[in-house]
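Quick look at entry17.pdb (PDB, N, CA and C atoms, pLDDT in the B column):
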ATOM      1  N   MET A 779     193.999  49.094   2.520  1.00 93.00           N
ATOM      2  CA  MET A 779     193.193  49.081   1.312  1.00 93.00           C
ATOM      3  C   MET A 779     192.591  47.690   1.114  1.00 93.00           C
ATOM      4  N   LEU A 780     191.475  47.675   0.440  1.00 96.00           N
ATOM      5  CA  LEU A 780     190.802  46.427   0.123  1.00 96.00           C
ATOM      6  C   LEU A 780     191.014  46.126  -1.355  1.00 96.00           C
ATOM      7  N   TYR A 781     191.449  44.896  -1.662  1.00 96.00           N
ATOM      8  CA  TYR A 781     191.685  44.468  -3.039  1.00 96.00           C
ATOM      9  C   TYR A 781     190.884  43.208  -3.316  1.00 96.00           C
ATOM     10  N   TYR A 782     190.434  43.082  -4.550  1.00 96.00           N
ATOM     11  CA  TYR A 782     189.662  41.918  -4.991  1.00 96.00           C
ATOM     12  C   TYR A 782     190.440  41.184  -6.066  1.00 96.00           C
ATOM     13  N   PHE A 783     190.417  39.844  -6.015  1.00 95.00           N
ATOM     14  CA  PHE A 783     191.095  39.009  -6.992  1.00 95.00           C
ATOM     15  C   PHE A 783     190.031  38.378  -7.892  1.00 95.00           C
ATOM     16  N   ASN A 784     189.820  38.973  -9.048  1.00 95.00           N
ATOM     17  CA  ASN A 784     188.835  38.463  -9.999  1.00 95.00           C
ATOM     18  C   ASN A 784     189.536  37.643 -11.074  1.00 95.00           C
ATOM     19  N   LEU A 785     188.946  36.519 -11.431  1.00 92.00           N
ATOM     20  CA  LEU A 785     189.466  35.692 -12.507  1.00 92.00           C
ATOM     21  C   LEU A 785     188.633  35.928 -13.754  1.00 92.00           C
ATOM     22  N   THR A 786     189.304  36.035 -14.914  1.00 93.00           N
ATOM     23  CA  THR A 786     188.572  36.245 -16.156  1.00 93.00           C
ATOM     24  C   THR A 786     189.336  35.668 -17.335  1.00 93.00           C
ATOM     25  N   ASP A 787     188.592  35.261 -18.340  1.00 90.00           N
ATOM     26  CA  ASP A 787     189.194  34.856 -19.606  1.00 90.00           C
ATOM     27  C   ASP A 787     188.801  35.842 -20.709  1.00 90.00           C
ATOM     28  N   GLY A 788     188.230  36.953 -20.312  1.00 89.00           N
ATOM     29  CA  GLY A 788     187.779  37.963 -21.262  1.00 89.00           C
ATOM     30  C   GLY A 788     186.286  37.873 -21.522  1.00 89.00           C
ATOM     31  N   ASP A 789     185.728  36.671 -21.389  1.00 91.00           N
ATOM     32  CA  ASP A 789     184.291  36.472 -21.569  1.00 91.00           C
ATOM     33  C   ASP A 789     183.620  36.203 -20.223  1.00 91.00           C
ATOM     34  N   GLU A 790     184.148  35.228 -19.526  1.00 93.00           N
ATOM     35  CA  GLU A 790     183.608  34.847 -18.219  1.00 93.00           C
ATOM     36  C   GLU A 790     184.405  35.548 -17.123  1.00 93.00           C
ATOM     37  N   VAL A 791     183.712  35.958 -16.070  1.00 93.00           N
ATOM     38  CA  VAL A 791     184.365  36.595 -14.928  1.00 93.00           C
ATOM     39  C   VAL A 791     183.911  35.891 -13.653  1.00 93.00           C
ATOM     40  N   ILE A 792     184.879  35.491 -12.856  1.00 92.00           N
ATOM     41  CA  ILE A 792     184.603  34.935 -11.534  1.00 92.00           C
ATOM     42  C   ILE A 792     185.031  36.005 -10.544  1.00 92.00           C
ATOM     43  N   ARG A 793     184.047  36.660  -9.950  1.00 95.00           N
ATOM     44  CA  ARG A 793     184.315  37.802  -9.076  1.00 95.00           C
ATOM     45  C   ARG A 793     184.614  37.372  -7.645  1.00 95.00           C
ATOM     46  N   ASP A 794     185.569  38.039  -7.081  1.00 95.00           N
ATOM     47  CA  ASP A 794     185.903  37.889  -5.669  1.00 95.00           C
ATOM     48  C   ASP A 794     184.983  38.834  -4.906  1.00 95.00           C
ATOM     49  N   GLU A 795     184.090  38.287  -4.125  1.00 95.00           N
ATOM     50  CA  GLU A 795     183.127  39.104  -3.384  1.00 95.00           C
ATOM     51  C   GLU A 795     183.629  39.493  -1.995  1.00 95.00           C
ATOM     52  N   VAL A 796     184.729  38.887  -1.542  1.00 95.00           N
ATOM     53  CA  VAL A 796     185.226  39.124  -0.193  1.00 95.00           C
ATOM     54  C   VAL A 796     186.402  40.096  -0.192  1.00 95.00           C
ATOM     55  N   GLY A 797     187.395  39.827  -1.019  1.00 94.00           N
ATOM     56  CA  GLY A 797     188.580  40.667  -1.086  1.00 94.00           C
ATOM     57  C   GLY A 797     189.551  40.402   0.046  1.00 94.00           C
ATOM     58  N   ILE A 798     190.694  41.074  -0.026  1.00 94.00           N
ATOM     59  CA  ILE A 798     191.682  40.985   1.051  1.00 94.00           C
ATOM     60  C   ILE A 798     192.116  42.398   1.424  1.00 94.00           C
ATOM     61  N   ARG A 799     192.511  42.555   2.650  1.00 96.00           N
ATOM     62  CA  ARG A 799     193.072  43.834   3.094  1.00 96.00           C
ATOM     63  C   ARG A 799     194.584  43.748   2.972  1.00 96.00           C
ATOM     64  N   ALA A 800     195.165  44.754   2.355  1.00 95.00           N
ATOM     65  CA  ALA A 800     196.617  44.826   2.191  1.00 95.00           C
ATOM     66  C   ALA A 800     197.029  46.289   2.263  1.00 95.00           C
ATOM     67  N   PRO A 801     198.227  46.549   2.779  1.00 95.00           N
ATOM     68  CA  PRO A 801     198.671  47.939   2.909  1.00 95.00           C
ATOM     69  C   PRO A 801     198.983  48.609   1.569  1.00 95.00           C
ATOM     70  N   GLY A 802     199.129  47.823   0.522  1.00 93.00           N
ATOM     71  CA  GLY A 802     199.421  48.395  -0.791  1.00 93.00           C
ATOM     72  C   GLY A 802     199.323  47.354  -1.878  1.00 93.00           C
ATOM     73  N   VAL A 803     199.411  47.806  -3.115  1.00 92.00           N
ATOM     74  CA  VAL A 803     199.243  46.906  -4.256  1.00 92.00           C
ATOM     75  C   VAL A 803     200.358  45.865  -4.318  1.00 92.00           C
ATOM     76  N   HIS A 804     201.562  46.202  -3.879  1.00 92.00           N
ATOM     77  CA  HIS A 804     202.659  45.231  -3.924  1.00 92.00           C
ATOM     78  C   HIS A 804     202.365  44.020  -3.034  1.00 92.00           C
ATOM     79  N   VAL A 805     201.805  44.268  -1.876  1.00 94.00           N
ATOM     80  CA  VAL A 805     201.438  43.176  -0.970  1.00 94.00           C
ATOM     81  C   VAL A 805     200.285  42.378  -1.572  1.00 94.00           C
ATOM     82  N   ALA A 806     199.330  43.044  -2.213  1.00 93.00           N
ATOM     83  CA  ALA A 806     198.211  42.354  -2.867  1.00 93.00           C
ATOM     84  C   ALA A 806     198.720  41.458  -3.991  1.00 93.00           C
ATOM     85  N   VAL A 807     199.691  41.933  -4.778  1.00 91.00           N
ATOM     86  CA  VAL A 807     200.269  41.136  -5.861  1.00 91.00           C
ATOM     87  C   VAL A 807     200.968  39.904  -5.288  1.00 91.00           C
ATOM     88  N   THR A 808     201.723  40.075  -4.221  1.00 92.00           N
ATOM     89  CA  THR A 808     202.394  38.941  -3.584  1.00 92.00           C
ATOM     90  C   THR A 808     201.372  37.921  -3.099  1.00 92.00           C
ATOM     91  N   SER A 809     200.300  38.383  -2.490  1.00 90.00           N
ATOM     92  CA  SER A 809     199.236  37.480  -2.024  1.00 90.00           C
ATOM     93  C   SER A 809     198.583  36.762  -3.200  1.00 90.00           C
ATOM     94  N   ALA A 810     198.383  37.465  -4.298  1.00 88.00           N
ATOM     95  CA  ALA A 810     197.780  36.859  -5.488  1.00 88.00           C
ATOM     96  C   ALA A 810     198.681  35.767  -6.055  1.00 88.00           C
ATOM     97  N   MET A 811     199.977  36.034  -6.124  1.00 88.00           N
ATOM     98  CA  MET A 811     200.918  35.040  -6.643  1.00 88.00           C
ATOM     99  C   MET A 811     200.940  33.798  -5.755  1.00 88.00           C
ATOM    100  N   GLU A 812     200.878  34.003  -4.458  1.00 88.00           N
ATOM    101  CA  GLU A 812     200.832  32.876  -3.524  1.00 88.00           C
ATOM    102  C   GLU A 812     199.548  32.068  -3.705  1.00 88.00           C
ATOM    103  N   ALA A 813     198.431  32.756  -3.914  1.00 82.00           N
ATOM    104  CA  ALA A 813     197.149  32.069  -4.120  1.00 82.00           C
ATOM    105  C   ALA A 813     197.169  31.259  -5.408  1.00 82.00           C
ATOM    106  N   ILE A 814     197.733  31.823  -6.470  1.00 80.00           N
ATOM    107  CA  ILE A 814     197.835  31.104  -7.754  1.00 80.00           C
ATOM    108  C   ILE A 814     198.700  29.864  -7.582  1.00 80.00           C
ATOM    109  N   ALA A 815     199.850  30.015  -6.937  1.00 81.00           N
ATOM    110  CA  ALA A 815     200.745  28.879  -6.721  1.00 81.00           C
ATOM    111  C   ALA A 815     200.057  27.784  -5.909  1.00 81.00           C
ATOM    112  N   GLU A 816     199.293  28.186  -4.903  1.00 81.00           N
ATOM    113  CA  GLU A 816     198.588  27.211  -4.066  1.00 81.00           C
ATOM    114  C   GLU A 816     197.538  26.452  -4.873  1.00 81.00           C
ATOM    115  N   LEU A 817     196.786  27.168  -5.697  1.00 75.00           N
ATOM    116  CA  LEU A 817     195.786  26.519  -6.543  1.00 75.00           C
ATOM    117  C   LEU A 817     196.426  25.513  -7.488  1.00 75.00           C
ATOM    118  N   LYS A 818     197.541  25.890  -8.071  1.00 74.00           N
ATOM    119  CA  LYS A 818     198.206  25.011  -9.030  1.00 74.00           C
ATOM    120  C   LYS A 818     198.862  23.818  -8.349  1.00 74.00           C
ATOM    121  N   GLN A 819     199.307  23.985  -7.122  1.00 79.00           N
ATOM    122  CA  GLN A 819     199.875  22.866  -6.377  1.00 79.00           C
ATOM    123  C   GLN A 819     198.807  21.829  -6.070  1.00 79.00           C
ATOM    124  N   GLN A 820     197.588  22.287  -5.836  1.00 76.00           N
ATOM    125  CA  GLN A 820     196.502  21.370  -5.517  1.00 76.00           C
ATOM    126  C   GLN A 820     196.229  20.410  -6.662  1.00 76.00           C
ATOM    127  N   ASP A 821     196.357  20.891  -7.905  1.00 67.00           N
ATOM    128  CA  ASP A 821     196.136  20.027  -9.065  1.00 67.00           C
ATOM    129  C   ASP A 821     196.862  20.586 -10.284  1.00 67.00           C
ATOM    130  N   PRO A 822     198.170  20.340 -10.385  1.00 64.00           N
ATOM    131  CA  PRO A 822     198.945  20.887 -11.498  1.00 64.00           C
ATOM    132  C   PRO A 822     198.565  20.311 -12.855  1.00 64.00           C
ATOM    133  N   SER A 823     197.853  19.198 -12.893  1.00 64.00           N
ATOM    134  CA  SER A 823     197.485  18.584 -14.179  1.00 64.00           C
ATOM    135  C   SER A 823     196.510  19.457 -14.970  1.00 64.00           C
ATOM    136  N   HIS A 824     195.856  20.424 -14.314  1.00 62.00           N
ATOM    137  CA  HIS A 824     194.891  21.286 -14.994  1.00 62.00           C
ATOM    138  C   HIS A 824     195.473  22.635 -15.395  1.00 62.00           C
ATOM    139  N   SER A 825     196.780  22.813 -15.261  1.00 63.00           N
ATOM    140  CA  SER A 825     197.377  24.120 -15.551  1.00 63.00           C
ATOM    141  C   SER A 825     197.190  24.521 -17.005  1.00 63.00           C
ATOM    142  N   ASP A 826     197.068  23.545 -17.933  1.00 67.00           N
ATOM    143  CA  ASP A 826     196.848  23.889 -19.344  1.00 67.00           C
ATOM    144  C   ASP A 826     195.457  24.478 -19.563  1.00 67.00           C
ATOM    145  N   GLN A 827     194.521  24.232 -18.667  1.00 72.00           N
ATOM    146  CA  GLN A 827     193.173  24.781 -18.787  1.00 72.00           C
ATOM    147  C   GLN A 827     193.125  26.246 -18.369  1.00 72.00           C
ATOM    148  N   TRP A 828     194.200  26.772 -17.825  1.00 73.00           N
ATOM    149  CA  TRP A 828     194.250  28.153 -17.376  1.00 73.00           C
ATOM    150  C   TRP A 828     194.651  29.086 -18.506  1.00 73.00           C
ATOM    151  N   GLN A 829     194.970  28.531 -19.673  1.00 78.00           N
ATOM    152  CA  GLN A 829     195.363  29.369 -20.799  1.00 78.00           C
ATOM    153  C   GLN A 829     194.240  30.366 -21.095  1.00 78.00           C
ATOM    154  N   ASP A 830     194.610  31.579 -21.396  1.00 84.00           N
ATOM    155  CA  ASP A 830     193.695  32.691 -21.679  1.00 84.00           C
ATOM    156  C   ASP A 830     193.029  33.275 -20.433  1.00 84.00           C
ATOM    157  N   TRP A 831     193.270  32.693 -19.254  1.00 88.00           N
ATOM    158  CA  TRP A 831     192.720  33.237 -18.024  1.00 88.00           C
ATOM    159  C   TRP A 831     193.733  34.161 -17.377  1.00 88.00           C
ATOM    160  N   ARG A 832     193.238  35.134 -16.663  1.00 91.00           N
ATOM    161  CA  ARG A 832     194.102  36.045 -15.931  1.00 91.00           C
ATOM    162  C   ARG A 832     193.421  36.423 -14.616  1.00 91.00           C
ATOM    163  N   LEU A 833     194.264  36.786 -13.668  1.00 92.00           N
ATOM    164  CA  LEU A 833     193.774  37.276 -12.395  1.00 92.00           C
ATOM    165  C   LEU A 833     193.907  38.789 -12.419  1.00 92.00           C
ATOM    166  N   GLU A 834     192.803  39.461 -12.198  1.00 94.00           N
ATOM    167  CA  GLU A 834     192.804  40.920 -12.161  1.00 94.00           C
ATOM    168  C   GLU A 834     192.640  41.369 -10.717  1.00 94.00           C
ATOM    169  N   ILE A 835     193.569  42.176 -10.261  1.00 95.00           N
ATOM    170  CA  ILE A 835     193.489  42.732  -8.913  1.00 95.00           C
ATOM    171  C   ILE A 835     192.816  44.092  -9.038  1.00 95.00           C
ATOM    172  N   ALA A 836     191.692  44.232  -8.364  1.00 96.00           N
ATOM    173  CA  ALA A 836     190.921  45.477  -8.425  1.00 96.00           C
ATOM    174  C   ALA A 836     190.862  46.114  -7.047  1.00 96.00           C
ATOM    175  N   ASP A 837     190.845  47.444  -7.040  1.00 95.00           N
ATOM    176  CA  ASP A 837     190.684  48.138  -5.762  1.00 95.00           C
ATOM    177  C   ASP A 837     189.199  48.253  -5.434  1.00 95.00           C
ATOM    178  N   ARG A 838     188.887  48.880  -4.328  1.00 93.00           N
ATOM    179  CA  ARG A 838     187.502  48.983  -3.855  1.00 93.00           C
ATOM    180  C   ARG A 838     186.575  49.632  -4.884  1.00 93.00           C
ATOM    181  N   SER A 839     187.105  50.572  -5.674  1.00 95.00           N
ATOM    182  CA  SER A 839     186.281  51.259  -6.672  1.00 95.00           C
ATOM    183  C   SER A 839     186.071  50.428  -7.936  1.00 95.00           C
ATOM    184  N   GLY A 840     186.783  49.288  -8.040  1.00 93.00           N
ATOM    185  CA  GLY A 840     186.667  48.442  -9.224  1.00 93.00           C
ATOM    186  C   GLY A 840     187.769  48.675 -10.245  1.00 93.00           C
ATOM    187  N   LEU A 841     188.657  49.617  -9.977  1.00 95.00           N
ATOM    188  CA  LEU A 841     189.774  49.904 -10.876  1.00 95.00           C
ATOM    189  C   LEU A 841     190.756  48.742 -10.850  1.00 95.00           C
ATOM    190  N   ILE A 842     191.107  48.214 -12.023  1.00 95.00           N
ATOM    191  CA  ILE A 842     192.084  47.136 -12.128  1.00 95.00           C
ATOM    192  C   ILE A 842     193.471  47.742 -11.922  1.00 95.00           C
ATOM    193  N   VAL A 843     194.174  47.299 -10.881  1.00 94.00           N
ATOM    194  CA  VAL A 843     195.493  47.853 -10.575  1.00 94.00           C
ATOM    195  C   VAL A 843     196.626  46.945 -11.043  1.00 94.00           C
ATOM    196  N   LYS A 844     196.324  45.675 -11.316  1.00 94.00           N
ATOM    197  CA  LYS A 844     197.331  44.736 -11.794  1.00 94.00           C
ATOM    198  C   LYS A 844     196.638  43.553 -12.436  1.00 94.00           C
ATOM    199  N   THR A 845     197.213  43.060 -13.528  1.00 93.00           N
ATOM    200  CA  THR A 845     196.706  41.874 -14.211  1.00 93.00           C
ATOM    201  C   THR A 845     197.825  40.844 -14.268  1.00 93.00           C
ATOM    202  N   ILE A 846     197.511  39.611 -13.902  1.00 90.00           N
ATOM    203  CA  ILE A 846     198.493  38.530 -13.907  1.00 90.00           C
ATOM    204  C   ILE A 846     197.972  37.415 -14.808  1.00 90.00           C
ATOM    205  N   PRO A 847     198.589  37.188 -15.980  1.00 87.00           N
ATOM    206  CA  PRO A 847     198.168  36.082 -16.854  1.00 87.00           C
ATOM    207  C   PRO A 847     198.502  34.741 -16.191  1.00 87.00           C
ATOM    208  N   LEU A 848     197.521  33.853 -16.104  1.00 82.00           N
ATOM    209  CA  LEU A 848     197.738  32.583 -15.417  1.00 82.00           C
ATOM    210  C   LEU A 848     198.568  31.612 -16.239  1.00 82.00           C
ATOM    211  N   GLU A 849     198.465  31.640 -17.566  1.00 71.00           N
ATOM    212  CA  GLU A 849     199.231  30.681 -18.368  1.00 71.00           C
ATOM    213  C   GLU A 849     200.726  30.949 -18.266  1.00 71.00           C
ATOM    214  N   ALA A 850     201.136  32.183 -18.110  1.00 57.00           N
ATOM    215  CA  ALA A 850     202.559  32.486 -17.938  1.00 57.00           C
ATOM    216  C   ALA A 850     203.050  31.878 -16.631  1.00 57.00           C
ATOM    217  N   GLN A 851     202.238  31.950 -15.599  1.00 51.00           N
ATOM    218  CA  GLN A 851     202.605  31.364 -14.321  1.00 51.00           C
ATOM    219  C   GLN A 851     202.671  29.844 -14.436  1.00 51.00           C
ATOM    220  N   ALA A 852     201.784  29.254 -15.221  1.00 44.00           N
ATOM    221  CA  ALA A 852     201.772  27.807 -15.390  1.00 44.00           C
ATOM    222  C   ALA A 852     203.041  27.343 -16.087  1.00 44.00           C
ATOM    223  N   ARG A 853     203.485  28.048 -17.130  1.00 43.00           N
ATOM    224  CA  ARG A 853     204.695  27.665 -17.846  1.00 43.00           C
ATOM    225  C   ARG A 853     205.916  27.773 -16.942  1.00 43.00           C
ATOM    226  N   ILE A 854     205.975  28.811 -16.157  1.00 39.00           N
ATOM    227  CA  ILE A 854     207.120  28.995 -15.276  1.00 39.00           C
ATOM    228  C   ILE A 854     207.158  27.891 -14.218  1.00 39.00           C
ATOM    229  N   ARG A 855     206.021  27.611 -13.634  1.00 38.00           N
ATOM    230  CA  ARG A 855     205.984  26.674 -12.507  1.00 38.00           C
ATOM    231  C   ARG A 855     206.070  25.222 -12.942  1.00 38.00           C
ATOM    232  N   TYR A 856     205.477  24.863 -14.080  1.00 31.00           N
ATOM    233  CA  TYR A 856     205.350  23.452 -14.436  1.00 31.00           C
ATOM    234  C   TYR A 856     206.043  23.086 -15.736  1.00 31.00           C
ATOM    235  N   ALA A 857     206.912  23.942 -16.245  1.00 31.00           N
ATOM    236  CA  ALA A 857     207.625  23.634 -17.493  1.00 31.00           C
ATOM    237  C   ALA A 857     208.653  22.559 -17.254  1.00 31.00           C
TER     238      ALA A 857
END
Please express the file's structure as structure tokens.
Amino acid sequence: MLYYFNLTDGDEVIRDEVGIRAPGVHVAVTSAMEAIAELKQQDPSHSDQWQDWRLEIADRSGLIVKTIPLEAQARIRYA
């Protein structure tokens, strides 16, 4: 299956135009969590700017199959 990782704060949307291939949503979620952790490792000082943003995992049809709030991840990782 093809999954897309779109970032949104409810108003602005940063669409993933490439997507990733994964055998199922659980693998896509794991990949998304790894991508979020990698982004935050690159510059953890900006984690407070992620408040109100979330990563939405969408399937090929555009259906959102999982939503991951980024601020919750920031608190867990950098508290």
Residues near A:Pro801, cut-off 8 Å, all atoms listed in the file, skip fewer than 4 positions along chain, as a PyMOL selection string
chain A and resi 779-780+805-806
Quick one: residues within 12 Å of A:Ile792, only C-alpha atoms counted, chain neighbours fewer than 2 positions away excluded, as a list in words?
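The residues that qualify are Tyr782, Phe783, Asn784, Leu785, Thr786, Asp787, Gly788, Asp789, Glu790, Asp794, Glu795, Trp831, Arg832, Leu833 and Glu834 of chain A.
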Please compute the atom N of A:Tyr781-atom CA of A:Ser839 distance, one decimal, in Å.
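If I compute the distance from atom N of A:Tyr781 to atom CA of A:Ser839, I get 9.6 Å.
Distance-wise, atom CA of A:Asp830 and atom CA of A:Thr808 end up 21.0 Å apart.
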Please indicate the distance in Å from atom N of A:Glu816 to atom N of A:Gly797, rounded to one decimal place.
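So the answer is 17.1 Å.
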Which of chain A counts as helix (DSSP H, G or I) under DSSP, as a ChimeraX atom specification please?
/A:803-820,822-828,848-856
Every residue of stretch 790-837 of chain A that DSSP places in strand (DSSP E), as number ranges by chain
A: 791-792, 798-799, 832-837
Written as a PDB file with N, CA and C atoms, in the frame of the given file, which residues does the PyMOL selection byres ((chain A and resi 844) around 8) give for the file shown?
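Just written: part.pdb:
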ATOM      1  N   VAL A 803     199.411  47.806  -3.115  1.00 92.00           N
ATOM      2  CA  VAL A 803     199.243  46.906  -4.256  1.00 92.00           C
ATOM      3  C   VAL A 803     200.358  45.865  -4.318  1.00 92.00           C
ATOM      4  N   VAL A 807     199.691  41.933  -4.778  1.00 91.00           N
ATOM      5  CA  VAL A 807     200.269  41.136  -5.861  1.00 91.00           C
ATOM      6  C   VAL A 807     200.968  39.904  -5.288  1.00 91.00           C
ATOM      7  N   LEU A 833     194.264  36.786 -13.668  1.00 92.00           N
ATOM      8  CA  LEU A 833     193.774  37.276 -12.395  1.00 92.00           C
ATOM      9  C   LEU A 833     193.907  38.789 -12.419  1.00 92.00           C
ATOM     10  N   GLU A 834     192.803  39.461 -12.198  1.00 94.00           N
ATOM     11  CA  GLU A 834     192.804  40.920 -12.161  1.00 94.00           C
ATOM     12  C   GLU A 834     192.640  41.369 -10.717  1.00 94.00           C
ATOM     13  N   ILE A 835     193.569  42.176 -10.261  1.00 95.00           N
ATOM     14  CA  ILE A 835     193.489  42.732  -8.913  1.00 95.00           C
ATOM     15  C   ILE A 835     192.816  44.092  -9.038  1.00 95.00           C
ATOM     16  N   ALA A 836     191.692  44.232  -8.364  1.00 96.00           N
ATOM     17  CA  ALA A 836     190.921  45.477  -8.425  1.00 96.00           C
ATOM     18  C   ALA A 836     190.862  46.114  -7.047  1.00 96.00           C
ATOM     19  N   ASP A 837     190.845  47.444  -7.040  1.00 95.00           N
ATOM     20  CA  ASP A 837     190.684  48.138  -5.762  1.00 95.00           C
ATOM     21  C   ASP A 837     189.199  48.253  -5.434  1.00 95.00           C
ATOM     22  N   LEU A 841     188.657  49.617  -9.977  1.00 95.00           N
ATOM     23  CA  LEU A 841     189.774  49.904 -10.876  1.00 95.00           C
ATOM     24  C   LEU A 841     190.756  48.742 -10.850  1.00 95.00           C
ATOM     25  N   ILE A 842     191.107  48.214 -12.023  1.00 95.00           N
ATOM     26  CA  ILE A 842     192.084  47.136 -12.128  1.00 95.00           C
ATOM     27  C   ILE A 842     193.471  47.742 -11.922  1.00 95.00           C
ATOM     28  N   VAL A 843     194.174  47.299 -10.881  1.00 94.00           N
ATOM     29  CA  VAL A 843     195.493  47.853 -10.575  1.00 94.00           C
ATOM     30  C   VAL A 843     196.626  46.945 -11.043  1.00 94.00           C
ATOM     31  N   THR A 845     197.213  43.060 -13.528  1.00 93.00           N
ATOM     32  CA  THR A 845     196.706  41.874 -14.211  1.00 93.00           C
ATOM     33  C   THR A 845     197.825  40.844 -14.268  1.00 93.00           C
ATOM     34  N   ILE A 846     197.511  39.611 -13.902  1.00 90.00           N
ATOM     35  CA  ILE A 846     198.493  38.530 -13.907  1.00 90.00           C
ATOM     36  C   ILE A 846     197.972  37.415 -14.808  1.00 90.00           C
ATOM     37  N   PRO A 847     198.589  37.188 -15.980  1.00 87.00           N
ATOM     38  CA  PRO A 847     198.168  36.082 -16.854  1.00 87.00           C
ATOM     39  C   PRO A 847     198.502  34.741 -16.191  1.00 87.00           C
TER      40      PRO A 847
END
Produce the centre coordinates and the three edge lengths, each in Å to one decimal, of the box along x, y and z that contains all listed atoms of stretch 792-795 of chain A with 3 Å added on each side, as AutoDock Vina command-line options.
--center_x 184.5 --center_y 37.2 --center_z -7.4 --size_x 8.8 --size_y 10.6 --size_z 16.9
